[in-house]
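Novice: One structure follows; several queries about it will come next.
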Amino acid sequence: MEQDSLQEIRSELVSRLRERSAELEDAIFNAVRALSEPAESEDAEYRAGLRATVAEAVDYALGSIARGGEWDGEMPAAAAAQARRAARNRVKLDTVLRRYAAGDRLISEFIMDEAGHFPTEALRRVLSTQGPQVDRLMAAVAAEYMDELEQMRRSPAQRMAERVQRLLAGDAPLDAEHLEYEFDAWHLGLVITGARADVAARTLAAGLNRQAMVVGRGSESAWVWLGGRAPLPVADVARYQSAGVLGEVTLAVGEPRRGLEGWRLTHHEAQAARQVMLRRPQPLSRASEVVLLAAVLRDEQLARSLHETYLAPLDDHGDSGAVLRETLRAYFAAGFNAATAAAALEVDRHTVQRRLRKVEEALGRLLHTCHAEIEVALSLEELDDEPVATTGRVRALGT
C-alpha cells in the first residue's frame with residue numbers, strides 16, 4: 001500500500017472518529033469510572049481531572065493515528081497532572097494504567113467499527129502503530145506517578161498528608177499527638193485554592209484565633225481544618241475573604257461540626273463545595289448552599305435524568321423553552337412570588353403566571369411538587385456551560 005494512500009486513510013479515519021469524539025469520550029470515561037477506588041472520592045480536583053484527562057488522551061490518540069508510528073507528541077498535560085494526583089490520593093498505579101489500557105481497547109473497537117469504510121490491511125497497519133504509542137504514554141504516566149510518590153516519601157508534609165488521608169478513610173487510629181491537632185473540639189473544613197494557599201490558611205486561623213491543620217495538596221491547594229471550643233460561623237470566614245487579606249485564593253467551606261466524625265464530615269462537605277466551585281468559580285462556596293447540586297454532580301446518570309425529566313420537555317415549545325427557563329429562574333429567585341418575578345423580567349404578573357402554567361402543562365405536574373428538582377436541574381444546566389477551574393473544560397456532568 002502506497003504511503004500517500006495510507007496517510008489519506010489515516011486522515012479520513014481520524015475525521016470520522018472526531019465526529020464521534022463525544023461518544024468515544026463518554027465510553028472511555030464510563031470505563032474509567034468503573035475502575036474506581038475508595039481513595040478517589042475525597043478530592044474534587046481528582047474527580048474533575050478524570051474527564052479532562054480522558055478528553056486530552058483521546059485527542060493524543062487521534063493525533064497519533066493521524067501522524068503514524070513515527071509521531072512523538074508530548075504527553076498531555078492533564079495526564080501528567082492526573083498521574084500526580086493519583087499518587088497523592090493513594091490510587092494504585094495498577095489502576096491508573098488499567099484505565100489507559102481500557103481506553104486503548106475502546107479506541108481500537110471504534111476504529112474497527114469503521115471497517116466498512118476502509119481496507120482491512122490499512123486498519124491493521126493503523127492498529128499496529130497504536131500499541132507502541134499507548135505503551136509510551138503509559139510509561140510517561142507511570143514515571144510522573146513514581147516521581148510524585150518519591151517526593152511524598154521524602155517530604156514530612158506529604159507523610160502528614162498520608163496520615164490524614166488514612167484517618168479520613170478510617171484506615172488508621174486517631175494519633176492526635178503526631179498530627180498536632182485537637183480533635184475533641186469544633187471543626188470547620190475548607191479547601192483553599194490559589195497561590196500560597198497554606199499561608200492564607202495560617203493567616204485565617206490566626207485572625208480567627210483558631211487552631212489549624214493544613215495539608216498541602218500540590219502547589220496551589222490545601223485541605224484545612226480550623227478547630228476551637230465553639231463553632232466557627234462561616235460568615236466570619238467570608239468576612240476575611242471579602243476583606244482581601246488572604247490573597248488571591250478561593251475557599252470551599254463545609255459546616256461547623258464537632259469531634260472526629262465531625263472533622264471528617266466538614267471536610268467531605270468542603271470537598272462537595274469545591275466540586276461545584278470547579279464548575280462555577282467564585283471567591284467562596286459554602287457546602288450548605290450547594291449540597292444538592294454537589295450530590296447530583298457525582299452521578300452523571302442522575303444529572304441526565306433531571307435534565308430529561310424537568311428541562312427537556314420545555315424544549316418542545318420551541319424558542320419559548322429559553323423564555324420558560326428564564327421565567328423559572330426569576331420566579332425561584334423571587335421566593336415564588338409572581339409579581340416580584342414579573343418586575344425582574346419587566347413583564348406583567350399575568351404573563352409570568354401564564355408561563356408557569358405552560359411549564360406545568362409541559363411537565364405534567366404542579367410546580368410546588370417539584371420546584372427543588374427543577375432548581376437543581378437549572379443549576380446543572382448552568383454549570384454545564386462553565387469551565388473547570390484547574391483542569392480545562394469538562395463537557396459532561398458527573399466528574
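Just remember, in the C-alpha cells the first chain shown is A, the second B, etc., residues are 1-based per chain, and ligands are 1-based in the order shown.
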Taking the backbone alone, and naming residues the way the document does, which bits of stretch 38-200 of chain A are helix (DSSP H, G or I) by DSSP, as a PyMOL selection string?

Specialist: chain A and resi 38-42+44-67+77-88+93-113+115-117+120-154+156-169+176-179+197-200

Novice: For A:Trp263, which residue out of A:Gly218, A:Gly170, A:Ala200, A:Gly194 is the nearest one, using only C-alpha atoms?

Specialist: A:Gly170

Novice: My list of candidates is A:Arg196, A:Ala334, A:Pro283, A:Gly68. Which is closest to A:Ala243 when distances are computed with only C-alpha atoms?

Specialist: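 Closest residue, counting only C-alpha atoms: A:Pro283.
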
Novice: Which of these residues is nearest to A:Arg217, using only C-alpha atoms: A:Asp113, A:Glu375, A:Glu326, A:Glu162?

Specialist: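 That would be A:Glu162, the residue with the smallest distance to A:Arg217.
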
Novice: Report the distance between atom CA of A:Ala287 and atom CA of A:Gln271 in Å, rounded to one decimal place.

Specialist: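 Distance reported for this atom pair: 8.3 Å.
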
Novice: Give me, as an MDAnalysis selection string, the residues of stretch 221-373 of chain A that a backbone DSSP run labels strand (DSSP E).

Specialist: chainID A and resid 221:228 249:253 257:258 284:286

Novice: Would you write out those residues with N, CA and C atoms, as an mmCIF file, in the first residue's frame?

Specialist:
```cif
data_model
loop_
_atom_site.group_PDB
_atom_site.id
_atom_site.type_symbol
_atom_site.label_atom_id
_atom_site.label_comp_id
_atom_site.auth_asym_id
_atom_site.auth_seq_id
_atom_site.Cartn_x
_atom_site.Cartn_y
_atom_site.Cartn_z
ATOM 1 N N SER A 221 -3.009 24.305 46.402
ATOM 2 C CA SER A 221 -4.240 23.847 47.039
ATOM 3 C C SER A 221 -3.912 23.276 48.405
ATOM 4 N N ALA A 222 -4.833 23.428 49.343
ATOM 5 C CA ALA A 222 -4.621 22.912 50.689
ATOM 6 C C ALA A 222 -5.950 22.488 51.300
ATOM 7 N N TRP A 223 -5.907 21.350 52.012
ATOM 8 C CA TRP A 223 -7.025 20.960 52.864
ATOM 9 C C TRP A 223 -6.775 21.599 54.221
ATOM 10 N N VAL A 224 -7.813 22.200 54.789
ATOM 11 C CA VAL A 224 -7.642 22.967 56.020
ATOM 12 C C VAL A 224 -8.763 22.635 56.999
ATOM 13 N N TRP A 225 -8.393 22.523 58.277
ATOM 14 C CA TRP A 225 -9.372 22.437 59.352
ATOM 15 C C TRP A 225 -9.059 23.544 60.355
ATOM 16 N N LEU A 226 -10.074 24.274 60.762
ATOM 17 C CA LEU A 226 -9.939 25.280 61.808
ATOM 18 C C LEU A 226 -10.702 24.775 63.027
ATOM 19 N N GLY A 227 -9.982 24.588 64.139
ATOM 20 C CA GLY A 227 -10.581 23.996 65.328
ATOM 21 C C GLY A 227 -10.688 24.967 66.483
ATOM 22 N N GLY A 228 -11.655 24.720 67.376
ATOM 23 C CA GLY A 228 -11.820 25.560 68.554
ATOM 24 C C GLY A 228 -12.895 25.019 69.473
ATOM 25 N N VAL A 249 -6.995 33.783 46.617
ATOM 26 C CA VAL A 249 -7.387 32.395 46.848
ATOM 27 C C VAL A 249 -8.905 32.280 46.819
ATOM 28 N N THR A 250 -9.378 31.066 46.601
ATOM 29 C CA THR A 250 -10.801 30.765 46.706
ATOM 30 C C THR A 250 -10.997 29.775 47.847
ATOM 31 N N LEU A 251 -12.179 29.826 48.460
ATOM 32 C CA LEU A 251 -12.471 28.992 49.618
ATOM 33 C C LEU A 251 -13.712 28.150 49.363
ATOM 34 N N ALA A 252 -13.586 26.855 49.547
ATOM 35 C CA ALA A 252 -14.738 25.952 49.585
ATOM 36 C C ALA A 252 -14.889 25.531 51.043
ATOM 37 N N VAL A 253 -16.063 25.759 51.610
ATOM 38 C CA VAL A 253 -16.217 25.662 53.062
ATOM 39 C C VAL A 253 -17.319 24.683 53.429
ATOM 40 N N ARG A 257 -18.683 21.370 62.597
ATOM 41 C CA ARG A 257 -19.003 20.027 63.102
ATOM 42 C C ARG A 257 -18.089 19.707 64.282
ATOM 43 N N ARG A 258 -18.539 18.787 65.136
ATOM 44 C CA ARG A 258 -17.793 18.503 66.370
ATOM 45 C C ARG A 258 -17.244 17.077 66.370
ATOM 46 N N LEU A 284 -15.995 32.286 47.324
ATOM 47 C CA LEU A 284 -16.312 31.382 48.424
ATOM 48 C C LEU A 284 -17.558 30.590 48.079
ATOM 49 N N SER A 285 -17.489 29.287 48.280
ATOM 50 C CA SER A 285 -18.639 28.414 48.074
ATOM 51 C C SER A 285 -18.891 27.651 49.359
ATOM 52 N N ARG A 286 -20.120 27.721 49.863
ATOM 53 C CA ARG A 286 -20.481 27.077 51.130
ATOM 54 C C ARG A 286 -21.268 25.799 50.847
#
```

Novice: As a list in words, please: the residues near A:Ala102 (cut-off 7 Å, only C-alpha atoms, same-chain neighbours under 4 positions excluded).

Specialist: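 The contact residues come out as Ala31, Arg98 and Leu106 of chain A.
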
Novice: Within 12 Å of A:Thr95, counting only C-alpha atoms, which residues show up once you throw out same-chain ones fewer than 4 positions away? Write them as a PyMOL selection string, please.

Specialist: chain A and resi 31-40+83+86-87+90-91+99-102+138+141-142+145

Novice: What does the file look like for those residues with C-alpha atoms, as a compact mmCIF listing (two decimals), in the first residue's frame?

Specialist:
```txt
# COMPACT_ATOMS: atom_id res chain seq x y z
CA ALA A 31 -14.91 2.53 31.67
CA VAL A 32 -12.53 4.66 33.75
CA ARG A 33 -15.12 5.25 36.45
CA ALA A 34 -15.87 1.53 36.58
CA LEU A 35 -12.26 1.03 37.71
CA SER A 36 -12.68 3.21 40.80
CA GLU A 37 -11.15 3.05 44.26
CA PRO A 38 -12.47 4.42 47.58
CA ALA A 39 -9.41 6.70 47.87
CA GLU A 40 -10.58 8.74 44.88
CA ALA A 83 -0.94 10.87 37.49
CA ALA A 86 -3.41 9.68 41.72
CA ALA A 87 -0.21 9.22 43.71
CA ARG A 90 -3.31 6.71 47.09
CA VAL A 91 -4.85 5.41 43.86
CA ARG A 99 -7.59 2.71 32.77
CA TYR A 100 -5.28 3.64 29.90
CA ALA A 101 -5.38 0.04 28.68
CA ALA A 102 -9.19 0.09 28.80
CA MET A 138 1.63 4.70 29.87
CA VAL A 141 2.25 8.38 33.18
CA ALA A 142 3.99 5.80 35.36
CA TYR A 145 3.29 8.84 39.28
```

Novice: Quick one: everything within 9 Å of A:Val376, counting only C-alpha atoms, minus sequence neighbours fewer than 4 positions away in the same chain. Send it as an mmCIF file with N, CA and C atoms, in the first residue's frame.

Specialist:
```cif
data_model
loop_
_atom_site.group_PDB
_atom_site.id
_atom_site.type_symbol
_atom_site.label_atom_id
_atom_site.label_comp_id
_atom_site.auth_asym_id
_atom_site.auth_seq_id
_atom_site.Cartn_x
_atom_site.Cartn_y
_atom_site.Cartn_z
ATOM 1 N N LEU A 292 -27.116 19.821 47.368
ATOM 2 C CA LEU A 292 -27.899 19.030 46.416
ATOM 3 C C LEU A 292 -27.223 18.993 45.051
ATOM 4 N N LEU A 293 -26.714 20.132 44.643
ATOM 5 C CA LEU A 293 -26.031 20.214 43.352
ATOM 6 C C LEU A 293 -24.794 19.318 43.338
ATOM 7 N N VAL A 296 -25.712 15.573 43.044
ATOM 8 C CA VAL A 296 -26.103 15.159 41.696
ATOM 9 C C VAL A 296 -24.896 15.121 40.769
ATOM 10 N N LEU A 306 -32.465 14.238 35.601
ATOM 11 C CA LEU A 306 -33.084 15.511 35.973
ATOM 12 C C LEU A 306 -33.334 16.385 34.747
ATOM 13 N N HIS A 371 -40.434 21.815 42.628
ATOM 14 C CA HIS A 371 -39.607 23.012 42.409
ATOM 15 C C HIS A 371 -38.145 22.776 42.772
ATOM 16 N N ALA A 372 -37.874 21.937 43.799
ATOM 17 C CA ALA A 372 -36.478 21.674 44.181
ATOM 18 C C ALA A 372 -35.736 20.971 43.051
ATOM 19 N N LEU A 380 -27.666 22.763 37.204
ATOM 20 C CA LEU A 380 -26.792 21.848 36.473
ATOM 21 C C LEU A 380 -26.592 22.314 35.036
ATOM 22 N N GLU A 381 -27.665 22.781 34.430
ATOM 23 C CA GLU A 381 -27.569 23.271 33.057
ATOM 24 C C GLU A 381 -26.634 24.468 32.969
#
```

Novice: Rounded to one decimal, what separation in Å do you get between atom CA of A:Leu24 and atom CA of A:Ile111?

Specialist: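 Going from atom CA of A:Leu24 over to atom CA of A:Ile111 covers 10.6 Å.
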
Novice: So that I can check the surroundings of A:Gln82, please list as an mmCIF file with C-alpha atoms, in the first residue's frame every protein, DNA and RNA residue that reaches within 10 Å of it, counting only C-alpha atoms and ignoring chain neighbours fewer than 6 positions away.

Specialist:
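Result written to around_11.cif:
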```cif
data_model
loop_
_atom_site.group_PDB
_atom_site.id
_atom_site.type_symbol
_atom_site.label_atom_id
_atom_site.label_comp_id
_atom_site.auth_asym_id
_atom_site.auth_seq_id
_atom_site.Cartn_x
_atom_site.Cartn_y
_atom_site.Cartn_z
ATOM 1 C CA GLU A 45 -9.908 18.125 41.705
ATOM 2 C CA TYR A 46 -9.091 14.460 41.139
ATOM 3 C CA ARG A 47 -12.645 13.599 40.133
ATOM 4 C CA ALA A 48 -12.866 16.607 37.823
ATOM 5 C CA GLY A 49 -9.464 15.771 36.370
ATOM 6 C CA LEU A 50 -10.648 12.359 35.186
ATOM 7 C CA ALA A 52 -10.244 16.366 31.359
ATOM 8 C CA THR A 53 -7.635 13.593 31.191
ATOM 9 C CA ARG A 88 -1.291 11.824 46.277
ATOM 10 C CA VAL A 96 -4.182 4.115 36.650
ATOM 11 C CA VAL A 141 2.255 8.377 33.180
ATOM 12 C CA GLU A 144 5.047 11.005 36.691
ATOM 13 C CA TYR A 145 3.294 8.841 39.278
ATOM 14 C CA THR A 391 -8.324 21.154 34.606
#
```

Novice: Can you list, as an MDAnalysis selection string, every protein, DNA or RNA residue that comes within 12 Å of A:Met112 when you count only C-alpha atoms, leaving out same-chain residues fewer than 2 positions away?

Specialist: chainID A and resid 13 16:17 105:110 114:124 126:127

Novice: Have a look at A:Leu168, A:Phe29, A:Arg229, A:Arg136 and name the one nearest to A:Asn89; count only C-alpha atoms.

Specialist: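 Checking each of A:Leu168, A:Phe29, A:Arg229, A:Arg136 against A:Asn89, counting only C-alpha atoms, the winner is A:Leu168.
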
Novice: What are the closest atom pairs, with distances in Å to one decimal, for each residue of stretch 233-337 of chain A lying within 10 Å of stretch 173-187 of chain A, using only C-alpha atoms, rows by chain and rising residue number, as a tab-separated table?

Specialist:
```
residue	atom	partner	partner_atom	distance
A:Gly254	CA	A:His187	CA	9.3
A:Glu255	CA	A:His187	CA	8.3
A:Pro256	CA	A:His187	CA	5.6
A:Arg257	CA	A:His187	CA	5.3
A:Arg258	CA	A:Trp186	CA	4.3
A:Gly259	CA	A:Asp184	CA	4.9
A:Leu260	CA	A:Phe183	CA	5.6
A:Glu261	CA	A:Phe183	CA	9.3
A:Gly262	CA	A:His187	CA	6.9
A:Trp263	CA	A:His187	CA	5.7
A:Arg264	CA	A:His187	CA	9.2
A:Leu265	CA	A:His187	CA	9.5
A:Thr266	CA	A:His187	CA	7.2
A:His267	CA	A:His187	CA	9.1
```
